[in-house]
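Peer 1: Handing you this structure, nothing more for now.
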Amino acid sequence: MEYVTAVPHPSSEAAAPERSGRRSLAVALLFGALGAAVALLSTRQRWAEGTATVAGGDFPLTAKGSDVTGVPAALAIVGLAALVAVFAVRRAGRFVVSGLLALSGAGILAAALLGASDDSALDEKAAQASGDTSATVGALSHTGWPYVAAAGGALILVAGLLALRYGRLWPAMSGRYERGTGAERPRRAPKPVDPDRPEDIWKALDRGEDPTGA
């Protein structure tokens, strides 16, 4: 007669963190890379448009995201670097880099939302076009691209939060790429010297050995 127990098998308990680590790693990589690409693309699009009065006529003006604020593009690059650096560090270093990744996403999100209603870039262009430093833009309107950039920042923020929560379960670079381990590679024993091979004798002399074996 077989007995059924409700106690989970040890192997299933050990595999659960590994599965969580793999899933969170895949999601963080996808969200981080996609968020950075979306944020960078959005800053190259038109965020605002309006008109300036020049010589009695209306002159159309447009402002790209990079004209409004350079923060999203800069933080997107920082976020990408942090996403890669997560795998190059361990323990406390990984926690710090994960925090930087999350902060990059939060910064992009905040800067994009603030830039969604900013009209200073267009006012500056209106002043340049009219030659009047007090000129302002008219018929002002904004596009949806700032909110797309904010969505990219949100994706990077989620990637950073996943790294903070599950980063300890993620793999790191191989130990052969790390420095300062203090471990010396074992040396292979030299081949026996063949007295009939002059090259073996010269190699033994170069190593400071006696080729005669005396």
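Just so we're on the same page: first chain in the structure tokens is A, next is B, and so on; residues restart at 1 for each chain, and ligands are numbered from 1 in the order they show up.
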Enumerate the residues of stretch 45-177 of chain A with a DSSP assignment of helix (DSSP H, G or I), computed from the backbone, and present them as a PyMOL selection string.

Peer 2: chain A and resi 65-68+71-88+91-115+120-130+145-169+175-177

Peer 1: Excluding A:Arg44 and its own-chain neighbours fewer than 3 positions away, which residues fall within 10 Å of it when counting only C-alpha atoms? Please give them as JSON, numbers by chain.

Peer 2: {"A": [39, 40, 41, 47, 63, 64, 65, 66, 67, 73, 145]}

Peer 1: Between atom CA of A:Gly32 and atom CA of A:Ala116, measure the distance and give it in Å to one decimal.

Peer 2: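 These two atoms are separated by 22.4 Å.
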
Peer 1: Please, what distance in Å, to one decimal, runs between atom CA of A:Arg23 and atom CA of A:Ala81?

Peer 2: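 A separation of 21.1 Å between them.
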
Peer 1: May I ask for the distance between atom CA of A:Ala154 and atom CA of A:Leu140, given in Å to one decimal place?

Peer 2: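 Separation of atom CA of A:Ala154 and atom CA of A:Leu140: 27.1 Å.
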
Peer 1: Name the residues of stretch 54-170 of chain A that fall into strand (DSSP E) according to DSSP on the backbone, using the chain letters and numbers of this document, as a PyMOL selection string.

Peer 2: chain A and resi 54+57-64+138-142

Peer 1: Can you spit out the residues from that selection as an mmCIF file, in the first residue's frame, using N, CA and C atoms?

Peer 2:
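Final output, part_11.cif:
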```
data_model
loop_
_atom_site.group_PDB
_atom_site.id
_atom_site.type_symbol
_atom_site.label_atom_id
_atom_site.label_comp_id
_atom_site.auth_asym_id
_atom_site.auth_seq_id
_atom_site.Cartn_x
_atom_site.Cartn_y
_atom_site.Cartn_z
ATOM 1 N N VAL A 54 6.299 85.928 -37.668
ATOM 2 C CA VAL A 54 7.514 86.480 -38.267
ATOM 3 C C VAL A 54 7.104 87.316 -39.469
ATOM 4 N N GLY A 57 3.555 87.157 -40.602
ATOM 5 C CA GLY A 57 3.021 85.849 -40.979
ATOM 6 C C GLY A 57 3.330 84.812 -39.921
ATOM 7 N N ASP A 58 2.675 83.667 -40.031
ATOM 8 C CA ASP A 58 2.889 82.570 -39.093
ATOM 9 C C ASP A 58 3.976 81.642 -39.625
ATOM 10 N N PHE A 59 4.950 81.388 -38.773
ATOM 11 C CA PHE A 59 6.072 80.512 -39.131
ATOM 12 C C PHE A 59 5.963 79.233 -38.302
ATOM 13 N N PRO A 60 5.825 78.065 -38.948
ATOM 14 C CA PRO A 60 5.654 76.813 -38.186
ATOM 15 C C PRO A 60 6.950 76.415 -37.475
ATOM 16 N N LEU A 61 6.797 75.914 -36.258
ATOM 17 C CA LEU A 61 7.933 75.461 -35.457
ATOM 18 C C LEU A 61 7.638 74.075 -34.898
ATOM 19 N N THR A 62 8.666 73.278 -34.802
ATOM 20 C CA THR A 62 8.548 71.949 -34.193
ATOM 21 C C THR A 62 9.717 71.741 -33.242
ATOM 22 N N ALA A 63 9.489 70.915 -32.234
ATOM 23 C CA ALA A 63 10.539 70.581 -31.262
ATOM 24 C C ALA A 63 10.570 69.076 -31.065
ATOM 25 N N LYS A 64 11.734 68.484 -31.275
ATOM 26 C CA LYS A 64 11.912 67.058 -31.028
ATOM 27 C C LYS A 64 12.128 66.822 -29.532
ATOM 28 N N GLY A 138 2.744 80.328 -30.589
ATOM 29 C CA GLY A 138 1.290 80.282 -30.584
ATOM 30 C C GLY A 138 0.793 78.979 -31.183
ATOM 31 N N ALA A 139 -0.494 78.718 -30.999
ATOM 32 C CA ALA A 139 -1.120 77.480 -31.502
ATOM 33 C C ALA A 139 -0.321 76.258 -31.077
ATOM 34 N N LEU A 140 0.038 76.243 -29.792
ATOM 35 C CA LEU A 140 0.902 75.180 -29.267
ATOM 36 C C LEU A 140 0.125 73.876 -29.130
ATOM 37 N N SER A 141 0.749 72.776 -29.532
ATOM 38 C CA SER A 141 0.165 71.439 -29.349
ATOM 39 C C SER A 141 1.276 70.436 -29.099
ATOM 40 N N HIS A 142 0.944 69.346 -28.418
ATOM 41 C CA HIS A 142 1.909 68.313 -28.084
ATOM 42 C C HIS A 142 1.484 66.982 -28.685
#
```

Peer 1: Any chance you could tabulate, as CSV, the residues of stretch 28-112 of chain A at most 9 Å from stretch 168-171 of chain A with each one's nearest atom pair and distance in Å to one decimal, using only C-alpha atoms, in chain and rising number order?

Peer 2:
```
residue,atom,partner,partner_atom,distance
A:Phe87,CA,A:Pro171,CA,6.8
A:Arg90,CA,A:Arg168,CA,7.9
A:Arg91,CA,A:Arg168,CA,7.0
A:Arg94,CA,A:Arg168,CA,7.9
A:Phe95,CA,A:Arg168,CA,8.4
```

Peer 1: Could you make a table, as a Markdown table, of the residues of stretch 20-94 of chain A that have an atom within 12 Å of an atom of stretch 99-108 of chain A, each with its nearest atom pair and distance in Å to one decimal, counting only C-alpha atoms, in chain and number order?

Peer 2:
```
| residue | atom | partner | partner_atom | distance |
| --- | --- | --- | --- | --- |
| A:Ala28 | CA | A:Leu101 | CA | 10.5 |
| A:Leu29 | CA | A:Leu101 | CA | 11.5 |
| A:Phe31 | CA | A:Gly105 | CA | 10.6 |
| A:Gly32 | CA | A:Leu101 | CA | 8.6 |
| A:Ala33 | CA | A:Leu101 | CA | 11.4 |
| A:Leu34 | CA | A:Gly105 | CA | 11.8 |
| A:Gly35 | CA | A:Gly105 | CA | 8.3 |
| A:Ala36 | CA | A:Gly105 | CA | 8.7 |
| A:Val38 | CA | A:Ile108 | CA | 11.0 |
| A:Ala39 | CA | A:Ile108 | CA | 7.7 |
| A:Leu40 | CA | A:Ile108 | CA | 10.2 |
| A:Ser42 | CA | A:Ile108 | CA | 11.2 |
| A:Thr43 | CA | A:Ile108 | CA | 10.7 |
| A:Gly65 | CA | A:Ile108 | CA | 11.9 |
| A:Thr69 | CA | A:Ile108 | CA | 10.2 |
| A:Gly70 | CA | A:Ile108 | CA | 9.8 |
| A:Val71 | CA | A:Ile108 | CA | 6.7 |
| A:Pro72 | CA | A:Ile108 | CA | 4.6 |
| A:Ala73 | CA | A:Ile108 | CA | 8.0 |
| A:Ala74 | CA | A:Ile108 | CA | 8.8 |
| A:Leu75 | CA | A:Ser104 | CA | 5.3 |
| A:Ala76 | CA | A:Ser104 | CA | 6.9 |
| A:Ile77 | CA | A:Ser104 | CA | 9.0 |
| A:Val78 | CA | A:Ser104 | CA | 6.8 |
| A:Gly79 | CA | A:Leu101 | CA | 5.1 |
| A:Leu80 | CA | A:Leu101 | CA | 8.0 |
| A:Ala81 | CA | A:Leu101 | CA | 8.5 |
| A:Ala82 | CA | A:Leu101 | CA | 5.5 |
| A:Leu83 | CA | A:Leu101 | CA | 6.6 |
| A:Val84 | CA | A:Leu101 | CA | 10.0 |
| A:Ala85 | CA | A:Leu101 | CA | 9.7 |
| A:Val86 | CA | A:Leu101 | CA | 9.0 |
| A:Ala92 | CA | A:Gly99 | CA | 10.7 |
| A:Gly93 | CA | A:Gly99 | CA | 9.9 |
| A:Arg94 | CA | A:Gly99 | CA | 8.5 |
```

Peer 1: Have a look at A:Ala111, A:Ala126, A:Ala121, A:Leu25 and name the one nearest to A:Gly153; count only C-alpha atoms.

Peer 2: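 Of the candidates, the smallest distance to A:Gly153 is held by A:Ala111.
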
Peer 1: Between A:Ala26, A:Ser98, A:Gly21, A:Thr51, which has the minimum distance to A:Leu161 (counting only C-alpha atoms)?

Peer 2: A:Ser98

Peer 1: Choose the residue, out of A:Ala110, A:Ala150, A:Ala37, A:Val68, that has the smallest atom-to-atom separation from A:Glu49; count only C-alpha atoms.

Peer 2: A:Val68

Peer 1: Using only C-alpha atoms, which protein or nucleic acid residues come within 12 Å of A:Gly131? Drop anything in the same chain fewer than 6 positions from it, and give the result as a list in words.

Peer 2: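 Near neighbours after the sequence-gap exclusion: Ala52, Thr53, Val54, Ala55, Asp123, Glu124 and Lys125 of chain A.
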
Peer 1: Can I get the selection written as a PDB file, in the first residue's frame, with all heavy atoms?

Peer 2:
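Written out: result-v7.pdb:
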```pdb
ATOM      1  N   ALA A  52       5.125  80.763 -34.857  1.00  0.00           N
ATOM      2  CA  ALA A  52       5.681  82.040 -34.396  1.00  0.00           C
ATOM      3  C   ALA A  52       5.360  83.101 -35.437  1.00  0.00           C
ATOM      4  O   ALA A  52       5.366  82.831 -36.647  1.00  0.00           O
ATOM      5  CB  ALA A  52       7.193  81.924 -34.199  1.00  0.00           C
ATOM      6  N   THR A  53       5.064  84.299 -34.972  1.00  0.00           N
ATOM      7  CA  THR A  53       4.736  85.396 -35.881  1.00  0.00           C
ATOM      8  C   THR A  53       6.022  86.052 -36.363  1.00  0.00           C
ATOM      9  O   THR A  53       6.779  86.632 -35.574  1.00  0.00           O
ATOM     10  CB  THR A  53       3.856  86.430 -35.182  1.00  0.00           C
ATOM     11  OG1 THR A  53       2.671  85.795 -34.704  1.00  0.00           O
ATOM     12  CG2 THR A  53       3.484  87.555 -36.130  1.00  0.00           C
ATOM     13  N   VAL A  54       6.299  85.928 -37.668  1.00  0.00           N
ATOM     14  CA  VAL A  54       7.514  86.480 -38.267  1.00  0.00           C
ATOM     15  C   VAL A  54       7.104  87.316 -39.469  1.00  0.00           C
ATOM     16  O   VAL A  54       6.484  86.816 -40.414  1.00  0.00           O
ATOM     17  CB  VAL A  54       8.489  85.357 -38.699  1.00  0.00           C
ATOM     18  CG1 VAL A  54       9.725  85.967 -39.339  1.00  0.00           C
ATOM     19  CG2 VAL A  54       8.859  84.489 -37.512  1.00  0.00           C
ATOM     20  N   ALA A  55       7.417  88.615 -39.440  1.00  0.00           N
ATOM     21  CA  ALA A  55       7.116  89.536 -40.539  1.00  0.00           C
ATOM     22  C   ALA A  55       5.642  89.502 -40.898  1.00  0.00           C
ATOM     23  O   ALA A  55       5.252  89.468 -42.073  1.00  0.00           O
ATOM     24  CB  ALA A  55       7.972  89.202 -41.756  1.00  0.00           C
ATOM     25  N   ASP A 123       9.397  78.130 -27.365  1.00  0.00           N
ATOM     26  CA  ASP A 123       9.525  79.572 -27.113  1.00  0.00           C
ATOM     27  C   ASP A 123      10.906  80.070 -27.521  1.00  0.00           C
ATOM     28  O   ASP A 123      11.050  81.174 -28.080  1.00  0.00           O
ATOM     29  CB  ASP A 123       9.281  79.876 -25.636  1.00  0.00           C
ATOM     30  CG  ASP A 123       7.808  79.776 -25.267  1.00  0.00           C
ATOM     31  OD1 ASP A 123       6.964  79.821 -26.183  1.00  0.00           O
ATOM     32  OD2 ASP A 123       7.509  79.631 -24.065  1.00  0.00           O
ATOM     33  N   GLU A 124      11.914  79.275 -27.238  1.00  0.00           N
ATOM     34  CA  GLU A 124      13.274  79.658 -27.632  1.00  0.00           C
ATOM     35  C   GLU A 124      13.409  79.719 -29.144  1.00  0.00           C
ATOM     36  O   GLU A 124      14.035  80.640 -29.690  1.00  0.00           O
ATOM     37  CB  GLU A 124      14.276  78.664 -27.044  1.00  0.00           C
ATOM     38  CG  GLU A 124      15.725  79.000 -27.323  1.00  0.00           C
ATOM     39  CD  GLU A 124      16.672  78.005 -26.697  1.00  0.00           C
ATOM     40  OE1 GLU A 124      16.226  77.170 -25.884  1.00  0.00           O
ATOM     41  OE2 GLU A 124      17.889  78.060 -27.022  1.00  0.00           O
ATOM     42  N   LYS A 125      12.804  78.760 -29.834  1.00  0.00           N
ATOM     43  CA  LYS A 125      12.855  78.785 -31.301  1.00  0.00           C
ATOM     44  C   LYS A 125      12.047  79.969 -31.862  1.00  0.00           C
ATOM     45  O   LYS A 125      12.429  80.557 -32.880  1.00  0.00           O
ATOM     46  CB  LYS A 125      12.322  77.464 -31.860  1.00  0.00           C
ATOM     47  CG  LYS A 125      13.251  76.288 -31.629  1.00  0.00           C
ATOM     48  CD  LYS A 125      12.797  75.072 -32.422  1.00  0.00           C
ATOM     49  CE  LYS A 125      13.821  73.956 -32.312  1.00  0.00           C
ATOM     50  NZ  LYS A 125      13.477  72.796 -33.167  1.00  0.00           N
TER      51      LYS A 125
END
```
